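Next up, data_26.txt (compact mmCIF, C-alpha atoms):
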```
# COMPACT_ATOMS: atom_id res chain seq x y z
CA MET A 1 28.89 113.50 143.46
CA LEU A 2 29.91 109.86 143.53
CA TRP A 3 33.18 110.34 141.64
CA VAL A 4 34.35 112.88 144.22
CA GLU A 5 33.68 110.45 147.07
CA ILE A 6 35.69 107.82 145.17
CA ILE A 7 38.63 110.15 144.51
CA LYS A 8 38.84 111.49 148.09
CA PRO A 9 40.13 108.31 149.78
CA ILE A 10 42.55 107.71 146.91
CA PHE A 11 43.90 111.25 147.22
CA ILE A 12 44.23 111.21 151.02
CA VAL A 13 45.95 107.79 151.02
CA SER A 14 48.24 109.16 148.31
CA VAL A 15 49.20 111.97 150.70
CA VAL A 16 50.34 109.35 153.24
CA LEU A 17 52.23 107.36 150.60
CA THR A 18 53.87 110.55 149.34
CA PHE A 19 55.17 111.27 152.84
CA ILE A 20 56.94 107.88 152.95
CA PRO A 21 59.83 108.63 150.53
CA LEU A 22 60.10 112.13 151.97
CA LEU A 23 60.40 110.73 155.50
CA ILE A 24 62.96 108.14 154.43
CA TRP A 25 65.06 110.95 152.97
CA PHE A 26 64.53 113.02 156.17
CA GLU A 27 65.63 110.00 158.21
CA ARG A 28 68.83 109.42 156.27
CA LYS A 29 69.94 113.02 155.93
CA GLY A 30 68.83 113.95 159.46
CA SER A 31 70.75 111.07 161.03
CA ALA A 32 73.77 111.97 158.88
CA TYR A 33 73.81 115.58 160.07
CA ILE A 34 73.35 114.52 163.70
CA GLN A 35 76.29 112.12 163.31
CA ASP A 36 78.37 114.74 161.45
CA ARG A 37 78.48 112.99 158.06
CA ARG A 38 77.06 113.71 154.62
CA GLY A 39 74.54 110.89 154.35
CA PRO A 40 73.47 109.15 151.14
CA ASN A 41 74.90 110.76 148.01
CA ARG A 42 75.96 107.90 145.71
CA ALA A 43 72.88 106.70 143.80
CA ALA A 44 72.64 108.70 140.57
CA ILE A 45 70.82 108.92 137.24
CA LEU A 46 73.12 110.27 134.50
CA GLY A 47 75.33 111.66 137.24
CA ILE A 48 72.52 113.59 138.95
CA ARG A 49 72.03 112.61 142.63
CA LEU A 50 69.50 115.19 143.88
CA GLY A 51 71.03 115.31 147.33
CA GLY A 52 70.46 111.64 148.05
CA MET A 53 66.76 111.49 147.09
CA LEU A 54 67.52 109.01 144.31
CA HIS A 55 68.46 106.44 146.95
CA ASN A 56 64.73 105.91 147.48
CA ILE A 57 64.34 104.92 143.82
CA ALA A 58 67.36 102.62 144.15
CA ASP A 59 65.76 101.01 147.21
CA VAL A 60 62.52 100.37 145.33
CA ILE A 61 64.38 98.71 142.44
CA LYS A 62 66.46 96.66 144.88
CA LEU A 63 63.47 95.43 146.86
CA LEU A 64 61.43 94.61 143.75
CA THR A 65 64.24 92.54 142.26
CA LYS A 66 65.32 90.72 145.43
CA GLU A 67 64.34 87.11 145.98
CA ASP A 68 61.15 86.73 148.00
CA ILE A 69 62.07 84.08 150.56
CA LEU A 70 59.39 82.10 152.40
CA PRO A 71 60.72 80.10 155.38
CA ALA A 72 60.07 76.39 154.99
CA ARG A 73 58.19 76.02 158.29
CA ALA A 74 56.36 79.35 158.18
CA ASN A 75 52.57 79.63 157.96
CA ARG A 76 52.27 80.83 154.36
CA PHE A 77 48.87 82.56 154.65
CA PHE A 78 49.53 84.59 157.81
CA PHE A 79 53.15 85.24 156.80
CA CYS A 80 51.88 87.03 153.67
CA LEU A 81 48.90 88.64 155.42
CA ALA A 82 50.88 90.35 158.22
CA PRO A 83 52.60 93.10 156.16
CA LEU A 84 49.31 93.85 154.38
CA ILE A 85 47.59 94.43 157.74
CA ALA A 86 50.40 96.76 158.82
CA ILE A 87 50.14 99.05 155.79
CA PHE A 88 46.33 98.80 155.69
CA VAL A 89 45.89 100.09 159.25
CA ALA A 90 48.16 103.06 158.61
CA SER A 91 46.27 103.98 155.44
CA VAL A 92 42.78 103.62 156.93
CA THR A 93 43.33 105.54 160.16
CA ILE A 94 43.85 108.85 158.38
CA GLY A 95 40.37 108.61 156.86
CA VAL A 96 38.80 110.54 159.75
CA VAL A 97 41.42 113.32 159.81
CA PRO A 98 40.00 116.57 158.38
CA PHE A 99 42.38 118.73 156.34
CA GLY A 100 40.17 121.80 156.28
CA GLU A 101 36.67 123.19 156.67
CA PRO A 102 33.93 121.88 154.34
CA LEU A 103 34.20 123.53 150.92
CA GLN A 104 30.93 124.76 149.41
CA LEU A 105 30.92 124.32 145.60
CA GLY A 106 27.52 125.51 144.46
CA ASP A 107 24.96 123.08 145.83
CA TYR A 108 27.61 120.50 146.73
CA THR A 109 29.49 120.46 150.05
CA LEU A 110 32.95 118.93 149.74
CA ARG A 111 34.28 117.65 153.07
CA LEU A 112 38.07 117.57 153.18
CA GLN A 113 38.11 114.19 154.89
CA VAL A 114 37.04 110.71 153.86
CA ALA A 115 34.55 110.09 156.67
CA ASP A 116 33.09 112.58 159.15
CA LEU A 117 32.17 110.21 161.98
CA ASN A 118 30.37 111.20 165.17
CA VAL A 119 32.77 108.90 167.03
CA GLY A 120 35.99 109.86 165.25
CA LEU A 121 38.14 109.51 168.38
CA LEU A 122 36.80 106.01 169.04
CA TYR A 123 37.47 105.10 165.42
CA ILE A 124 41.12 106.12 165.83
CA LEU A 125 41.52 103.94 168.93
CA ALA A 126 39.65 100.99 167.40
CA VAL A 127 41.47 100.93 164.07
CA GLY A 128 44.85 101.78 165.59
CA SER A 129 44.64 98.77 167.90
CA ILE A 130 44.32 96.45 164.90
CA GLY A 131 47.90 97.27 163.91
CA VAL A 132 49.25 94.95 166.60
CA TYR A 133 47.81 91.96 164.72
CA GLY A 134 50.16 92.54 161.81
CA VAL A 135 53.20 92.51 164.08
CA MET A 136 51.98 89.55 166.14
CA LEU A 137 51.14 87.48 163.07
CA ALA A 138 54.52 88.31 161.53
CA GLY A 139 56.32 87.15 164.65
CA TRP A 140 54.25 83.98 165.11
CA SER A 141 53.95 82.86 161.49
CA SER A 142 57.71 83.17 160.75
CA TYR A 143 58.52 80.15 162.96
CA ASN A 144 61.57 81.97 164.27
CA ASN A 145 62.38 82.51 167.94
CA TYR A 146 63.66 86.04 167.40
CA SER A 147 60.55 86.96 165.43
CA LEU A 148 58.27 85.44 168.06
CA LEU A 149 59.96 87.41 170.84
CA GLY A 150 59.59 90.60 168.79
CA GLY A 151 55.88 89.93 168.25
CA MET A 152 55.32 89.25 171.96
CA ARG A 153 57.18 92.42 172.90
CA SER A 154 55.09 94.44 170.47
CA SER A 155 51.77 93.06 171.76
CA ALA A 156 52.69 93.76 175.39
CA GLN A 157 53.99 97.21 174.50
CA MET A 158 50.90 98.22 172.54
CA ILE A 159 48.49 96.97 175.19
CA SER A 160 50.42 98.90 177.86
CA TYR A 161 50.58 102.19 176.03
CA GLU A 162 47.16 102.13 174.35
CA LEU A 163 45.59 102.50 177.81
CA ALA A 164 47.42 105.77 178.42
CA MET A 165 46.71 106.91 174.87
CA GLY A 166 42.98 106.20 175.23
CA LEU A 167 42.75 108.03 178.55
CA ALA A 168 44.62 111.02 177.08
CA LEU A 169 42.10 111.17 174.22
CA VAL A 170 39.22 110.87 176.70
CA SER A 171 40.57 113.98 178.43
CA VAL A 172 40.46 115.80 175.10
CA LEU A 173 36.92 114.49 174.53
CA LEU A 174 35.80 115.84 177.90
CA ALA A 175 37.41 119.22 177.31
CA ALA A 176 35.92 119.54 173.81
CA GLY A 177 32.55 118.00 174.69
CA THR A 178 32.43 115.97 171.48
CA ALA A 179 34.07 113.01 169.75
CA ARG A 180 33.75 114.53 166.26
CA ILE A 181 37.20 115.56 165.11
CA PRO A 182 36.09 118.66 163.07
CA GLU A 183 34.39 120.01 166.20
CA ILE A 184 37.53 119.32 168.25
CA VAL A 185 39.50 121.34 165.70
CA ALA A 186 36.90 124.13 165.82
CA MET A 187 37.35 124.33 169.61
CA GLN A 188 41.01 125.25 169.04
CA ALA A 189 40.35 128.28 166.82
CA GLY A 190 41.47 131.74 167.89
CA ALA A 191 44.26 132.16 170.42
CA LEU A 192 47.21 129.88 171.09
CA HIS A 193 45.93 128.88 174.53
CA HIS A 194 42.93 127.22 172.85
CA TRP A 195 45.19 124.51 171.45
CA PHE A 196 44.88 121.33 173.50
CA ALA A 197 48.68 121.02 173.51
CA VAL A 198 48.59 124.15 175.71
CA ASN A 199 45.48 123.72 177.87
CA GLN A 200 45.83 119.90 178.11
CA PRO A 201 49.64 119.57 178.40
CA VAL A 202 49.60 116.31 180.37
CA ALA A 203 47.27 114.65 177.86
CA PHE A 204 49.47 115.92 175.05
CA LEU A 205 52.68 114.52 176.56
CA LEU A 206 51.00 111.18 177.32
CA PHE A 207 49.58 110.94 173.79
CA LEU A 208 52.93 111.88 172.24
CA THR A 209 54.82 109.29 174.29
CA ALA A 210 52.24 106.62 173.48
CA LEU A 211 52.56 107.43 169.77
CA PHE A 212 56.28 106.67 169.90
CA ALA A 213 55.45 103.31 171.46
CA GLU A 214 52.64 102.62 168.96
CA THR A 215 54.88 103.36 165.98
CA ASN A 216 57.76 101.25 167.41
CA ARG A 217 60.12 104.20 167.18
CA ASN A 218 63.13 104.82 169.35
CA PRO A 219 63.29 104.91 172.36
CA PHE A 220 60.47 102.31 172.20
CA ASP A 221 61.69 100.15 169.31
CA LEU A 222 61.99 97.03 171.50
CA PRO A 223 59.98 94.81 169.08
CA GLU A 224 62.81 95.18 166.56
CA GLY A 225 65.70 95.33 169.02
CA GLU A 226 68.56 94.88 166.55
CA SER A 227 71.11 94.41 169.32
CA GLU A 228 69.36 91.34 170.76
CA LEU A 229 66.64 90.20 168.31
CA VAL A 230 68.38 90.65 164.92
CA ALA A 231 65.39 92.51 163.45
CA GLY A 232 62.57 91.32 165.67
CA PHE A 233 59.24 90.45 164.13
CA HIS A 234 60.37 90.99 160.51
CA THR A 235 63.63 89.01 160.73
CA GLU A 236 62.47 86.46 158.12
CA TYR A 237 60.98 88.95 155.69
CA SER A 238 62.59 90.00 152.43
CA SER A 239 61.77 91.72 149.15
CA MET A 240 58.47 93.64 149.02
CA LYS A 241 57.07 92.00 152.16
CA PHE A 242 59.87 93.64 154.14
CA ALA A 243 59.27 96.84 152.16
CA LEU A 244 55.62 96.88 153.28
CA PHE A 245 56.69 96.75 156.94
CA PHE A 246 59.26 99.46 156.21
CA MET A 247 56.61 101.61 154.50
CA ALA A 248 54.08 100.95 157.27
CA GLU A 249 56.46 102.35 159.89
CA TYR A 250 56.78 105.66 158.06
CA ALA A 251 53.08 105.68 157.15
CA HIS A 252 52.33 105.36 160.87
CA ILE A 253 54.62 108.33 161.53
CA ALA A 254 52.72 110.42 158.95
CA VAL A 255 49.33 109.41 160.40
CA ALA A 256 50.53 110.01 163.98
CA SER A 257 51.76 113.46 162.93
CA ALA A 258 48.37 114.20 161.33
CA LEU A 259 46.62 113.20 164.57
CA LEU A 260 48.96 115.39 166.64
CA ALA A 261 48.42 118.35 164.33
CA THR A 262 44.64 117.88 164.37
CA LEU A 263 43.92 117.02 167.98
CA PHE A 264 46.52 119.11 169.81
CA PHE A 265 47.91 121.78 167.46
CA GLY A 266 44.72 123.32 166.15
CA GLY A 267 44.45 121.51 162.83
CA TRP A 268 44.08 124.12 160.10
CA HIS A 269 43.82 127.01 162.58
CA LEU A 270 46.62 129.46 163.32
CA PRO A 271 46.66 131.82 166.35
CA GLY A 272 45.11 135.16 165.47
CA LEU A 273 44.06 134.13 161.94
CA ASP A 274 40.36 134.45 161.07
CA TRP A 275 39.50 132.38 158.00
CA GLN A 276 36.30 134.35 157.47
CA TRP A 277 38.43 137.49 157.05
CA VAL A 278 40.50 135.62 154.44
CA ARG A 279 37.31 134.78 152.53
CA LEU A 280 36.30 138.44 152.54
CA HIS A 281 39.79 139.71 151.53
CA PRO A 282 41.29 137.05 149.21
CA THR A 283 43.32 139.52 147.14
CA LEU A 284 44.99 141.09 150.16
CA THR A 285 45.66 137.64 151.61
CA LEU A 286 47.23 136.37 148.40
CA ARG A 287 49.44 139.45 148.03
CA TRP A 288 50.79 139.27 151.58
CA LEU A 289 51.29 135.53 151.19
CA LEU A 290 53.48 136.04 148.13
CA LEU A 291 55.84 138.37 150.04
CA PRO A 292 57.17 135.91 152.70
CA LEU A 293 57.15 133.02 150.22
CA GLY A 294 59.18 135.05 147.73
CA LEU A 295 61.66 136.23 150.36
CA CYS A 296 62.15 132.72 151.73
CA ALA A 297 62.65 131.27 148.24
CA VAL A 298 65.20 133.94 147.31
CA LEU A 299 67.12 133.54 150.58
CA PHE A 300 67.11 129.73 150.29
CA GLY A 301 68.29 129.85 146.68
CA THR A 302 71.01 132.36 147.56
CA TYR A 303 72.19 130.13 150.38
CA LEU A 304 72.41 127.13 148.05
CA CYS A 305 74.29 129.04 145.38
CA SER A 306 76.74 130.34 148.00
CA ARG A 307 77.71 126.73 148.75
CA PHE A 308 78.87 126.10 145.18
CA ARG A 309 82.51 125.03 145.16
CA ARG A 310 83.90 123.71 141.91
CA GLY A 311 86.03 120.64 142.53
CA ARG A 312 84.55 119.77 145.97
CA TYR A 313 83.48 116.34 144.69
CA GLY A 314 84.97 116.43 141.21
CA ASP A 315 81.74 115.33 139.53
CA LEU A 316 78.19 116.56 138.87
CA ARG A 317 77.48 116.79 142.59
CA ASP A 318 79.38 120.08 142.53
CA PHE A 319 76.57 121.63 140.49
CA GLU A 320 73.55 120.29 142.41
CA VAL A 321 73.33 123.30 144.72
CA VAL A 322 73.17 125.54 141.66
CA VAL A 323 70.57 123.30 139.96
CA PHE A 324 68.30 123.80 142.99
CA GLY A 325 69.41 127.31 143.94
CA ILE A 326 68.86 129.17 140.66
CA PRO A 327 65.24 127.94 140.14
CA SER A 328 64.51 128.80 143.77
CA ILE A 329 65.75 132.35 143.25
CA GLY A 330 63.68 132.57 140.05
CA LEU A 331 60.48 131.41 141.71
CA GLY A 332 61.09 133.78 144.61
CA ALA A 333 61.59 136.68 142.21
CA VAL A 334 58.33 135.82 140.42
CA ALA A 335 56.51 135.77 143.77
CA LEU A 336 57.96 139.16 144.74
CA ILE A 337 57.03 140.64 141.37
CA GLY A 338 53.52 139.25 141.86
CA PHE A 339 53.33 140.94 145.24
CA PHE A 340 54.06 144.36 143.74
CA LEU A 341 52.09 143.97 140.49
CA PHE A 342 49.05 141.98 141.66
CA PRO A 343 46.02 144.29 141.18
CA ALA A 344 44.49 145.38 144.47
CA ASN A 345 40.96 145.50 143.01
CA TRP A 346 40.99 141.99 141.58
CA SER A 347 37.48 140.55 141.68
CA TRP A 348 36.98 136.99 142.95
CA ASN A 349 33.85 135.16 141.88
CA ALA A 350 32.43 132.35 143.98
CA PRO A 351 33.65 129.80 144.89
CA TRP A 352 37.29 130.94 144.40
CA PRO A 353 37.66 132.69 147.79
CA SER A 354 36.55 129.48 149.50
CA VAL A 355 38.90 127.44 147.29
CA LEU A 356 41.79 129.70 148.34
CA VAL A 357 40.89 129.22 152.00
CA ALA A 358 40.66 125.44 151.56
CA ALA A 359 44.07 125.33 149.85
CA LEU A 360 45.65 127.41 152.64
CA GLN A 361 44.05 125.23 155.32
CA VAL A 362 45.35 122.05 153.72
CA GLY A 363 48.78 123.69 153.51
CA VAL A 364 48.69 124.57 157.22
CA VAL A 365 47.82 120.97 158.19
CA LEU A 366 50.55 119.54 155.93
CA ALA A 367 53.10 122.00 157.36
CA LYS A 368 52.24 120.93 160.91
CA MET A 369 52.42 117.27 159.84
CA THR A 370 55.87 117.82 158.36
CA PHE A 371 57.12 119.47 161.55
CA CYS A 372 55.81 116.59 163.69
CA CYS A 373 57.43 114.04 161.34
CA TRP A 374 60.72 115.89 161.65
CA PHE A 375 60.35 115.76 165.44
CA PHE A 376 59.82 111.97 165.34
CA ILE A 377 63.04 111.57 163.35
CA GLN A 378 65.05 113.85 165.64
CA ILE A 379 63.96 111.90 168.72
CA ARG A 380 65.01 108.59 167.16
CA TRP A 381 68.59 109.77 166.68
CA THR A 382 68.79 111.60 170.01
CA LEU A 383 67.50 109.29 172.76
CA PRO A 384 68.83 105.82 173.68
CA ARG A 385 66.61 102.75 173.74
CA PHE A 386 64.85 101.73 176.97
CA ARG A 387 65.36 98.36 178.57
CA TYR A 388 62.22 96.25 178.39
CA ASP A 389 61.55 96.40 182.14
CA GLN A 390 61.91 100.20 181.99
CA LEU A 391 59.46 100.28 179.11
CA MET A 392 56.82 98.34 181.06
CA ARG A 393 57.44 100.31 184.25
CA LEU A 394 56.95 103.60 182.43
CA GLY A 395 53.71 102.42 180.86
CA TRP A 396 52.04 100.87 183.90
CA ARG A 397 53.51 102.72 186.89
CA VAL A 398 53.94 106.23 185.48
CA MET A 399 51.82 106.91 182.41
CA LEU A 400 48.65 105.02 183.40
CA PRO A 401 48.32 106.60 186.90
CA LEU A 402 49.20 110.01 185.46
CA ALA A 403 46.54 109.60 182.76
CA LEU A 404 43.92 108.69 185.38
CA VAL A 405 44.83 111.71 187.50
CA ASN A 406 44.68 114.00 184.46
CA LEU A 407 41.32 112.55 183.44
CA THR A 408 39.93 113.11 186.95
CA CYS A 409 41.18 116.70 187.03
CA THR A 410 39.76 117.39 183.57
CA ALA A 411 36.39 115.95 184.58
CA LEU A 412 36.30 118.15 187.71
CA TRP A 413 37.34 121.23 185.71
CA VAL A 414 34.62 120.63 183.09
CA GLY A 415 32.00 119.84 185.74
CA LEU A 416 32.68 123.02 187.71
CA GLN A 417 32.44 125.32 184.70
```
Would you encode the structure as structure tokens?
Amino acid sequence: MLWVEIIKPIFIVSVVLTFIPLLIWFERKGSAYIQDRRGPNRAAILGIRLGGMLHNIADVIKLLTKEDILPARANRFFFCLAPLIAIFVASVTIGVVPFGEPLQLGDYTLRLQVADLNVGLLYILAVGSIGVYGVMLAGWSSYNNYSLLGGMRSSAQMISYELAMGLALVSVLLAAGTARIPEIVAMQAGALHHWFAVNQPVAFLLFLTALFAETNRNPFDLPEGESELVAGFHTEYSSMKFALFFMAEYAHIAVASALLATLFFGGWHLPGLDWQWVRLHPTLTLRWLLLPLGLCAVLFGTYLCSRFRRGRYGDLRDFEVVVFGIPSIGLGAVALIGFFLFPANWSWNAPWPSVLVAALQVGVVLAKMTFCCWFFIQIRWTLPRFRYDQLMRLGWRVMLPLALVNLTCTALWVGLQ
């Protein structure tokens, strides 16, 4: 069905774009809690602040209405092209990430990914390496010394760490025996020790470290280097051009988290869970899924309501915990009632058992993505920034030799099996 193939890339890119405001909110509130402060809680609509989430809407309005400044000596074409490349690469890379097993709908097989390539791992490396062009063009075309230094730092950093990243993925390729990502996920089904984060720990740590460098996140955010380069490669950018770079950073975090979840954390698989059993027992699965969801919702809502203190702020912020807490308790109660009243002999006609499995698999992947995104944010506000010579030394003298040793050991292990 042609319309399905058209909707799939739009939907999957929308997933990445939806993660962006969520991650910005995670970033602000997470950094606030780490620094023992409340974080953003001022932007409001009719007095409602939603725990700081409305700051994202305020940011969008601010960036849309700001003056779009173009430096007089900048190269206009490449200056405008650079942020588009940055967001394009982040959106395209996720096209090969599968969110679940193929869903059979009658005679049509719906693949829960945009493109099922035989060389999915090579596609990730090839497309991911294009991202450096956006940063380099931004630094060069701005005609600003700080921007140029940021672009040069980024190009050197990405070249250094992409070698270790590629060798880490080659180790996974050797262990799995294929470059197709769905088959790599299938290799991780069953027990926890099948996950490549467990049986390929060195490759996992190398890939994780390289991802921090690829996404320009602390402790590898040298291309921005606020303390010495103002803002690095995007110093001269303003309005929506700056917003595209800002969005691209968080889109890269979402895509990197999807790759981690897929390649090293089993994708849609959970230890001890057999999806074929779920297809054969959808009613039992749904009932026992409602129980923990209902309990968690009730406990979360009760916790929020317990934090209600009239007069804490002296405005509508006092009631926000109740606004979120009471609906959470209500939804949890509905789920618990469903657990006890859901008929045990409910009949499921095809393809609804497979649809339930697909929905649960997508949920598992998104949950793992969210955890990895949270980990990226925690690391940024925990570790200090490297010096540039330390950054290069780690990439060339530590990670590259370690990746070669790990690749050699993996090749010997596979060859002797």
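Across the structure, atom CA of Gly395 of chain A and atom CA of Thr262 of chain A are spaced 24.4 Å apart.
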query: Within 8 Å of segment 220-231 of chain A, counting only C-alpha atoms, which residues qualify if same-chain residues fewer than 2 places away don't, as a ChimeraX atom specification?
result: /A:146-147,149-154,212-213,216-218,233-235,385-388,391
Output of the above residues as a PDB file, in the coordinates of the input, restricted to C-alpha atoms:
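So the final result, stored in out_33.pdb, reads:
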```
ATOM      1  CA  TYR A 146      63.660  86.040 167.400  1.00  0.00           C
ATOM      2  CA  SER A 147      60.550  86.960 165.430  1.00  0.00           C
ATOM      3  CA  LEU A 149      59.960  87.410 170.840  1.00  0.00           C
ATOM      4  CA  GLY A 150      59.590  90.600 168.790  1.00  0.00           C
ATOM      5  CA  GLY A 151      55.880  89.930 168.250  1.00  0.00           C
ATOM      6  CA  MET A 152      55.320  89.250 171.960  1.00  0.00           C
ATOM      7  CA  ARG A 153      57.180  92.420 172.900  1.00  0.00           C
ATOM      8  CA  SER A 154      55.090  94.440 170.470  1.00  0.00           C
ATOM      9  CA  PHE A 212      56.280 106.670 169.900  1.00  0.00           C
ATOM     10  CA  ALA A 213      55.450 103.310 171.460  1.00  0.00           C
ATOM     11  CA  ASN A 216      57.760 101.250 167.410  1.00  0.00           C
ATOM     12  CA  ARG A 217      60.120 104.200 167.180  1.00  0.00           C
ATOM     13  CA  ASN A 218      63.130 104.820 169.350  1.00  0.00           C
ATOM     14  CA  PHE A 233      59.240  90.450 164.130  1.00  0.00           C
ATOM     15  CA  HIS A 234      60.370  90.990 160.510  1.00  0.00           C
ATOM     16  CA  THR A 235      63.630  89.010 160.730  1.00  0.00           C
ATOM     17  CA  ARG A 385      66.610 102.750 173.740  1.00  0.00           C
ATOM     18  CA  PHE A 386      64.850 101.730 176.970  1.00  0.00           C
ATOM     19  CA  ARG A 387      65.360  98.360 178.570  1.00  0.00           C
ATOM     20  CA  TYR A 388      62.220  96.250 178.390  1.00  0.00           C
ATOM     21  CA  LEU A 391      59.460 100.280 179.110  1.00  0.00           C
TER      22      LEU A 391
END
```
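The space separating atom CA of Glu183 of chain A from atom CA of Trp3 of chain A comes to 26.4 Å.
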Tell me, as a PyMOL selection string, which residues lie within 9 Å of Pro282 of chain A, counting all atoms listed in the file; anything in the same chain fewer than 5 positions away does not count. chain A and resi 277+287+348+352-354+356-357
Next on the checklist: Calculated over only C-alpha atoms, which of the candidates A:Met392, A:Ile10, A:Val362, A:Leu22 has the smallest distance to Trp374 of chain A?
Outcome noted: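 Going through A:Met392, A:Ile10, A:Val362, A:Leu22 one by one, the smallest distance to Trp374 of chain A is for A:Leu22.
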Could you name the residues that touch segment 47-63 of chain A at 10 Å or less, counting all atoms listed in the file, but leaving out those on the same chain fewer than 6 positions away, as a PDB file with C-alpha atoms, in the coordinates of the input?
```pdb
ATOM      1  CA  ILE A  20      56.940 107.880 152.950  1.00  0.00           C
ATOM      2  CA  PRO A  21      59.830 108.630 150.530  1.00  0.00           C
ATOM      3  CA  LEU A  22      60.100 112.130 151.970  1.00  0.00           C
ATOM      4  CA  ILE A  24      62.960 108.140 154.430  1.00  0.00           C
ATOM      5  CA  TRP A  25      65.060 110.950 152.970  1.00  0.00           C
ATOM      6  CA  PHE A  26      64.530 113.020 156.170  1.00  0.00           C
ATOM      7  CA  ARG A  28      68.830 109.420 156.270  1.00  0.00           C
ATOM      8  CA  LYS A  29      69.940 113.020 155.930  1.00  0.00           C
ATOM      9  CA  ARG A  38      77.060 113.710 154.620  1.00  0.00           C
ATOM     10  CA  GLY A  39      74.540 110.890 154.350  1.00  0.00           C
ATOM     11  CA  PRO A  40      73.470 109.150 151.140  1.00  0.00           C
ATOM     12  CA  ASN A  41      74.900 110.760 148.010  1.00  0.00           C
ATOM     13  CA  SER A 238      62.590  90.000 152.430  1.00  0.00           C
ATOM     14  CA  SER A 239      61.770  91.720 149.150  1.00  0.00           C
ATOM     15  CA  MET A 240      58.470  93.640 149.020  1.00  0.00           C
ATOM     16  CA  LYS A 241      57.070  92.000 152.160  1.00  0.00           C
ATOM     17  CA  PHE A 242      59.870  93.640 154.140  1.00  0.00           C
ATOM     18  CA  ALA A 243      59.270  96.840 152.160  1.00  0.00           C
ATOM     19  CA  ASP A 315      81.740 115.330 139.530  1.00  0.00           C
ATOM     20  CA  LEU A 316      78.190 116.560 138.870  1.00  0.00           C
ATOM     21  CA  ARG A 317      77.480 116.790 142.590  1.00  0.00           C
ATOM     22  CA  PHE A 319      76.570 121.630 140.490  1.00  0.00           C
ATOM     23  CA  GLU A 320      73.550 120.290 142.410  1.00  0.00           C
ATOM     24  CA  VAL A 321      73.330 123.300 144.720  1.00  0.00           C
ATOM     25  CA  VAL A 323      70.570 123.300 139.960  1.00  0.00           C
ATOM     26  CA  PHE A 324      68.300 123.800 142.990  1.00  0.00           C
TER      27      PHE A 324
END
```
- Kindly give the distance, in Å, that separates atom CA of Ala175 of chain A and atom CA of Phe196 of chain A, rounded to a single decimal.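 It comes out at 8.6 Å.
Nearest residue to Phe88 of chain A, choosing from A:Met247, A:Phe19, A:Glu214, A:Val4 and counting only C-alpha atoms: A:Met247.
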Do a neighbour search on Ala203 of chain A at 9 Å with only C-alpha atoms, toss out local chain neighbours closer than 6 positions, and write the hits as a PyMOL selection string.
-> chain A and resi 164-165+167-172+196-197+403+406-407
Counting all atoms listed in the file, find the residues whose atoms lie at most 9 Å from (52.8, 85.1, 161.8) (file coordinates) and write them out as a PyMOL selection string.
chain A and resi 74-82+133-143+147-148+151+233
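Counting only C-alpha atoms, the residue from A:Phe246, A:Phe376, A:Phe11, A:Phe265 that sits nearest to Thr209 of chain A is A:Phe376.
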At a cut-off of 10 Å, can you tabulate as a tab-separated table every residue of segment 171-256 of chain A near segment 89-98 of chain A together with its closest atom pair and the distance in Å to one decimal, using only C-alpha atoms and ordering rows by chain then number?
```
residue	atom	partner	partner_atom	distance
A:Arg180	CA	A:Val96	CA	9.2
A:Ile181	CA	A:Val97	CA	7.1
A:Pro182	CA	A:Pro98	CA	6.5
A:Val185	CA	A:Pro98	CA	8.8
A:Thr215	CA	A:Ala90	CA	10.0
A:Met247	CA	A:Ala90	CA	9.5
A:Ala248	CA	A:Ala90	CA	6.4
A:Glu249	CA	A:Ala90	CA	8.4
A:Tyr250	CA	A:Ala90	CA	9.0
A:Ala251	CA	A:Ala90	CA	5.8
A:His252	CA	A:Ala90	CA	5.3
A:Ile253	CA	A:Ala90	CA	8.8
A:Ala254	CA	A:Ala90	CA	8.7
A:Val255	CA	A:Ile94	CA	5.9
A:Ala256	CA	A:Ile94	CA	8.8
```
Put the listed atoms of segment 141-148 of chain A in a box along x, y and z with 5 Å added on every side and give me the centre and edge lengths in Å to one decimal, as AutoDock Vina command-line options.
```
--center_x 58.8 --center_y 83.6 --center_z 164.4 --size_x 19.7 --size_y 16.8 --size_z 17.3
```
For a quick check of understanding, using all atoms listed in the file, which of A:Val127, A:Ile34, A:Leu383, A:Ala189 has the smallest distance to Gly272 of chain A?
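Answer, going by the shortest atom-to-atom distance: A:Ala189.
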Residues at most 10 Å from Trp288 of chain A, counting all atoms listed in the file, excluding those fewer than 6 positions away in the same chain, as number ranges by chain? A: 336, 339-340
Legend entry - Answer as an MDAnalysis selection string, residues within 12 Å of (65.6, 127.5, 150.1) using all atoms listed in the file: chainID A and resid 293:306 321:322 324:332
Min atom-atom distance to Leu286 of chain A from the set A:Ala359, A:Val15, A:Leu270, A:Ala350, counting all atoms listed in the file, belongs to A:Ala359
